[in-house]
>>> print(open('input-v1.cif').read())   # mmCIF, C-alpha atoms
data_input
#
loop_
_atom_site.group_PDB
_atom_site.id
_atom_site.type_symbol
_atom_site.label_atom_id
_atom_site.label_comp_id
_atom_site.auth_asym_id
_atom_site.auth_seq_id
_atom_site.Cartn_x
_atom_site.Cartn_y
_atom_site.Cartn_z
ATOM 1 C CA MET A 1 26.863 -29.169 -6.206
ATOM 2 C CA VAL A 2 25.027 -25.886 -5.660
ATOM 3 C CA LYS A 3 21.325 -25.781 -6.484
ATOM 4 C CA ALA A 4 19.905 -22.918 -8.512
ATOM 5 C CA ALA A 5 17.674 -21.855 -5.617
ATOM 6 C CA ASP A 6 20.651 -21.687 -3.271
ATOM 7 C CA MET A 7 22.582 -19.663 -5.830
ATOM 8 C CA MET A 8 19.676 -17.233 -6.129
ATOM 9 C CA ILE A 9 19.563 -16.888 -2.353
ATOM 10 C CA ALA A 10 23.324 -16.384 -2.346
ATOM 11 C CA ARG A 11 23.132 -13.562 -4.893
ATOM 12 C CA ARG A 12 20.340 -11.828 -2.997
ATOM 13 C CA ALA A 13 22.224 -12.221 0.295
ATOM 14 C CA ASP A 14 25.414 -10.834 -1.236
ATOM 15 C CA THR A 15 23.598 -7.869 -2.770
ATOM 16 C CA ARG A 16 21.818 -7.134 0.497
ATOM 17 C CA ALA A 17 25.050 -7.426 2.493
ATOM 18 C CA ARG A 18 26.880 -5.004 0.198
ATOM 19 C CA ALA A 19 24.008 -2.508 0.217
ATOM 20 C CA ASP A 20 23.494 -2.691 3.977
ATOM 21 C CA PHE A 21 27.199 -2.311 4.703
ATOM 22 C CA ALA A 22 27.513 0.741 2.444
ATOM 23 C CA THR A 23 24.442 2.295 4.062
ATOM 24 C CA TRP A 24 25.580 1.558 7.610
ATOM 25 C CA LYS A 25 29.072 2.828 6.911
ATOM 26 C CA MET A 26 27.687 6.112 5.554
ATOM 27 C CA ILE A 27 25.367 6.509 8.537
ATOM 28 C CA ALA A 28 28.311 5.880 10.866
ATOM 29 C CA LYS A 29 30.340 8.560 9.046
ATOM 30 C CA LEU A 30 27.466 10.989 9.611
ATOM 31 C CA ASN A 31 27.511 10.235 13.377
ATOM 32 C CA GLY A 32 24.247 8.337 13.297
ATOM 33 C CA ALA A 33 25.545 4.903 14.316
ATOM 34 C CA SER A 34 23.588 5.001 17.567
ATOM 35 C CA SER A 35 20.324 4.929 15.620
ATOM 36 C CA LEU A 36 21.280 1.710 13.801
ATOM 37 C CA PRO A 37 19.958 -1.691 14.928
ATOM 38 C CA THR A 38 22.183 -3.720 17.256
ATOM 39 C CA GLU A 39 23.059 -6.155 14.473
ATOM 40 C CA ALA A 40 24.387 -3.278 12.368
ATOM 41 C CA GLN A 41 26.305 -1.849 15.305
ATOM 42 C CA ASN A 42 27.906 -5.264 15.922
ATOM 43 C CA PHE A 43 28.983 -5.567 12.281
ATOM 44 C CA LEU A 44 30.426 -2.044 12.356
ATOM 45 C CA ALA A 45 32.306 -2.792 15.578
ATOM 46 C CA GLY A 46 33.770 -5.883 13.925
ATOM 47 C CA TYR A 47 34.709 -3.771 10.921
ATOM 48 C CA LYS A 48 36.549 -1.278 13.141
ATOM 49 C CA THR A 49 38.559 -4.070 14.784
ATOM 50 C CA LEU A 50 39.429 -5.487 11.360
ATOM 51 C CA LEU A 51 40.631 -2.040 10.263
ATOM 52 C CA GLY A 52 43.357 -2.265 12.911
ATOM 53 C CA LYS A 53 44.621 -5.553 11.439
ATOM 54 C CA MET A 54 44.292 -4.940 7.664
ATOM 55 C CA ASN A 55 43.693 -2.223 5.117
ATOM 56 C CA GLU A 56 40.267 -0.765 4.420
ATOM 57 C CA ALA A 57 39.469 -2.786 1.280
ATOM 58 C CA GLU A 58 40.280 -6.123 2.945
ATOM 59 C CA ALA A 59 38.377 -5.176 6.117
ATOM 60 C CA THR A 60 35.375 -4.165 4.034
ATOM 61 C CA GLU A 61 35.366 -7.434 2.087
ATOM 62 C CA ALA A 62 35.800 -9.481 5.270
ATOM 63 C CA THR A 63 32.882 -7.713 6.941
ATOM 64 C CA ILE A 64 30.689 -8.079 3.861
ATOM 65 C CA ARG A 65 31.592 -11.780 3.712
ATOM 66 C CA LEU A 66 30.529 -12.206 7.350
ATOM 67 C CA MET A 67 27.272 -10.337 6.703
ATOM 68 C CA TYR A 68 26.693 -12.417 3.557
ATOM 69 C CA GLU A 69 26.999 -15.669 5.502
ATOM 70 C CA THR A 70 24.559 -14.404 8.114
ATOM 71 C CA TYR A 71 22.043 -13.238 5.514
ATOM 72 C CA TYR A 72 22.386 -16.471 3.547
ATOM 73 C CA LYS A 73 21.332 -18.496 6.571
ATOM 74 C CA GLU A 74 18.505 -16.044 7.394
ATOM 75 C CA MET A 75 17.115 -16.314 3.860
ATOM 76 C CA GLY A 76 16.932 -20.092 4.044
ATOM 77 C CA GLY A 77 20.167 -21.115 2.362
ATOM 78 C CA VAL A 78 21.231 -24.704 3.034
ATOM 79 C CA GLY A 79 24.772 -25.605 4.038
ATOM 80 C CA ALA A 80 27.810 -23.441 3.516
ATOM 81 C CA PRO A 81 27.113 -20.361 1.422
ATOM 82 C CA PRO A 82 28.452 -20.684 -2.128
ATOM 83 C CA GLU A 83 31.100 -18.339 -3.432
ATOM 84 C CA VAL A 84 29.501 -15.443 -5.264
ATOM 85 C CA ARG A 85 31.654 -13.858 -7.905
ATOM 86 C CA SER A 86 31.266 -10.147 -7.612
ATOM 87 C CA SER A 87 32.170 -8.117 -10.633
ATOM 88 C CA PRO A 88 35.607 -6.571 -10.236
ATOM 89 C CA ALA A 89 35.414 -2.875 -9.618
ATOM 90 C CA GLU A 90 37.074 -1.227 -12.555
ATOM 91 C CA PRO A 91 38.477 2.195 -11.858
ATOM 92 C CA VAL A 92 36.450 4.867 -13.556
ATOM 93 C CA ALA A 93 38.724 7.136 -15.516
ATOM 94 C CA ASP A 94 36.192 9.745 -16.529
ATOM 95 C CA ASN A 95 32.455 9.441 -16.696
ATOM 96 C CA VAL A 96 31.778 13.029 -17.688
ATOM 97 C CA THR A 97 30.353 13.575 -21.126
ATOM 98 C CA ALA A 98 31.318 16.778 -22.877
ATOM 99 C CA PHE A 99 28.407 19.060 -23.557
ATOM 100 C CA ARG A 100 27.653 19.516 -27.216
ATOM 101 C CA ARG A 101 25.189 22.065 -28.428
ATOM 102 C CA PRO A 102 22.433 20.330 -30.373
ATOM 103 C CA VAL A 103 22.379 20.904 -34.087
ATOM 104 C CA ALA A 104 20.140 23.807 -34.931
ATOM 105 C CA ARG A 105 17.113 22.601 -36.828
ATOM 106 C CA SER A 106 15.670 24.873 -39.409
ATOM 107 C CA ARG A 107 12.167 25.917 -38.589
ATOM 108 C CA PRO A 108 9.559 24.953 -41.134
ATOM 109 C CA SER A 109 8.398 27.953 -43.088
ATOM 110 C CA PRO A 110 4.956 29.157 -42.113
ATOM 111 C CA PRO A 111 2.303 28.018 -44.569
ATOM 112 C CA SER A 112 1.305 30.596 -47.108
ATOM 113 C CA ARG A 113 -2.078 32.247 -46.696
ATOM 114 C CA SER A 114 -3.440 30.754 -49.905
ATOM 115 C CA SER A 115 -2.688 27.129 -48.954
ATOM 116 C CA ALA A 116 -3.655 27.398 -45.280
ATOM 117 C CA LYS A 117 -7.189 26.663 -44.103
ATOM 118 C CA PRO A 118 -9.158 29.786 -43.483
ATOM 119 C CA GLN A 119 -9.780 30.153 -39.775
ATOM 120 C CA LEU A 120 -13.083 31.519 -38.561
ATOM 121 C CA PRO A 121 -12.747 34.079 -35.840
ATOM 122 C CA VAL A 122 -14.081 33.056 -32.468
ATOM 123 C CA ALA A 123 -16.562 35.944 -32.404
ATOM 124 C CA LEU A 124 -18.171 34.771 -35.655
ATOM 125 C CA ILE A 125 -18.605 31.251 -34.309
ATOM 126 C CA PHE A 126 -20.113 32.627 -31.103
ATOM 127 C CA ALA A 127 -22.522 34.828 -33.051
ATOM 128 C CA CYS A 128 -23.651 31.850 -35.140
ATOM 129 C CA LEU A 129 -24.332 29.837 -31.991
ATOM 130 C CA ILE A 130 -26.460 32.667 -30.608
ATOM 131 C CA VAL A 131 -28.467 32.865 -33.854
ATOM 132 C CA VAL A 132 -29.092 29.109 -33.765
ATOM 133 C CA TYR A 133 -30.143 29.260 -30.094
ATOM 134 C CA VAL A 134 -32.532 32.176 -30.652
ATOM 135 C CA GLY A 135 -33.963 30.501 -33.764
ATOM 136 C CA ILE A 136 -34.675 27.265 -31.875
ATOM 137 C CA ARG A 137 -36.281 29.160 -28.993
ATOM 138 C CA TYR A 138 -38.421 31.222 -31.381
ATOM 139 C CA PHE A 139 -39.717 28.273 -33.432
ATOM 140 C CA TRP A 140 -40.554 26.093 -30.427
ATOM 141 C CA ARG A 141 -42.998 28.578 -28.950
#
>>> encode(input="input-v1.cif", output="structure tokens")
Amino acid sequence: MVKAADMMIARRADTRARADFATWKMIAKLNGASSLPTEAQNFLAGYKTLLGKMNEAEATEATIRLMYETYYKEMGGVGAPPEVRSSPAEPVADNVTAFRRPVARSRPSPPSRSSAKPQLPVALIFACLIVVYVGIRYFWR
């Protein structure tokens, strides 16, 4: 019987193994394998030997399984790592959405002059502030 904690560790280990392998594989394709840690280089070397014996998908899964077992033990998993069901990769037929022009919205008509609030011009407001300032200064003397 697998405990919930062990199953959580197993999921995290599997996710980490898949992410690390994809990252390391991409770095190796970009000729940067020498900058990877020795553990990553060892896993990639094992992957290359597996490629000679089986096809790419099987070699990838075998390498990820080996990494998963290693990570499971590192993360504190007890006993043999449980089987983690990964979601089957469904082939993506087309993930492109056709562009559709948004529906033109009619602009609201501008409010008529009679119903709109009268706006005071900025100069008039400024002039009123000056009159108030001068009045206060004059009366406080």
>>> residues_around(input="input-v1.cif", residues="Ala5 (chain A)", least_positions_apart="4", cutoff="9 Å", atoms="all atoms listed in the file", output="mmCIF file with C-alpha atoms, keeping the file's coordinate frame")
data_model
loop_
_atom_site.group_PDB
_atom_site.id
_atom_site.type_symbol
_atom_site.label_atom_id
_atom_site.label_comp_id
_atom_site.auth_asym_id
_atom_site.auth_seq_id
_atom_site.Cartn_x
_atom_site.Cartn_y
_atom_site.Cartn_z
ATOM 1 C CA ILE A 9 19.563 -16.888 -2.353
ATOM 2 C CA ALA A 10 23.324 -16.384 -2.346
ATOM 3 C CA GLY A 77 20.167 -21.115 2.362
#
>>> atom_distance(input="input-v1.cif", atom1="CA of Glu83 (chain A)", atom2="CA of Met8 (chain A)")
11.8 Å
>>> closest_residue(input="input-v1.cif", among="A:Ile136, A:Leu44, A:Met7, A:Met67", to="Ala19 (chain A)", atoms="all atoms listed in the file")
A:Met67
>>> resolve_selection(input="input-v1.cif", expression="the PyMOL selection byres ((chain A and resi 60) around 10)", output="VMD selection string")
chain A and resid 18 21 to 22 25 44 47 to 48 50 to 51 54 to 59 61 to 66
>>> atom_distance(input="input-v1.cif", atom1="CA of Asn42 (chain A)", atom2="CA of Ala17 (chain A)")
13.9 Å
>>> atom_distance(input="input-v1.cif", atom1="CA of Trp24 (chain A)", atom2="CA of Val78 (chain A)")
27.0 Å
>>> residues_around(input="input-v1.cif", residues="Met75 (chain A)", least_positions_apart="4", cutoff="10 Å", atoms="only C-alpha atoms", output="PyMOL selection string")
chain A and resi 6+9-10+12-13+70-71
>>> closest_residue(input="input-v1.cif", among="A:Val84, A:Arg137, A:Asp20, A:Ala98", to="Pro37 (chain A)", atoms="only C-alpha atoms")
A:Asp20
>>> resolve_selection(input="input-v1.cif", expression="the PyMOL selection byres ((chain A and resi 81) around 7)", output="list in words")
Ala10, Glu69, Tyr72, Gly79, Ala80, Pro82 and Glu83 of chain A
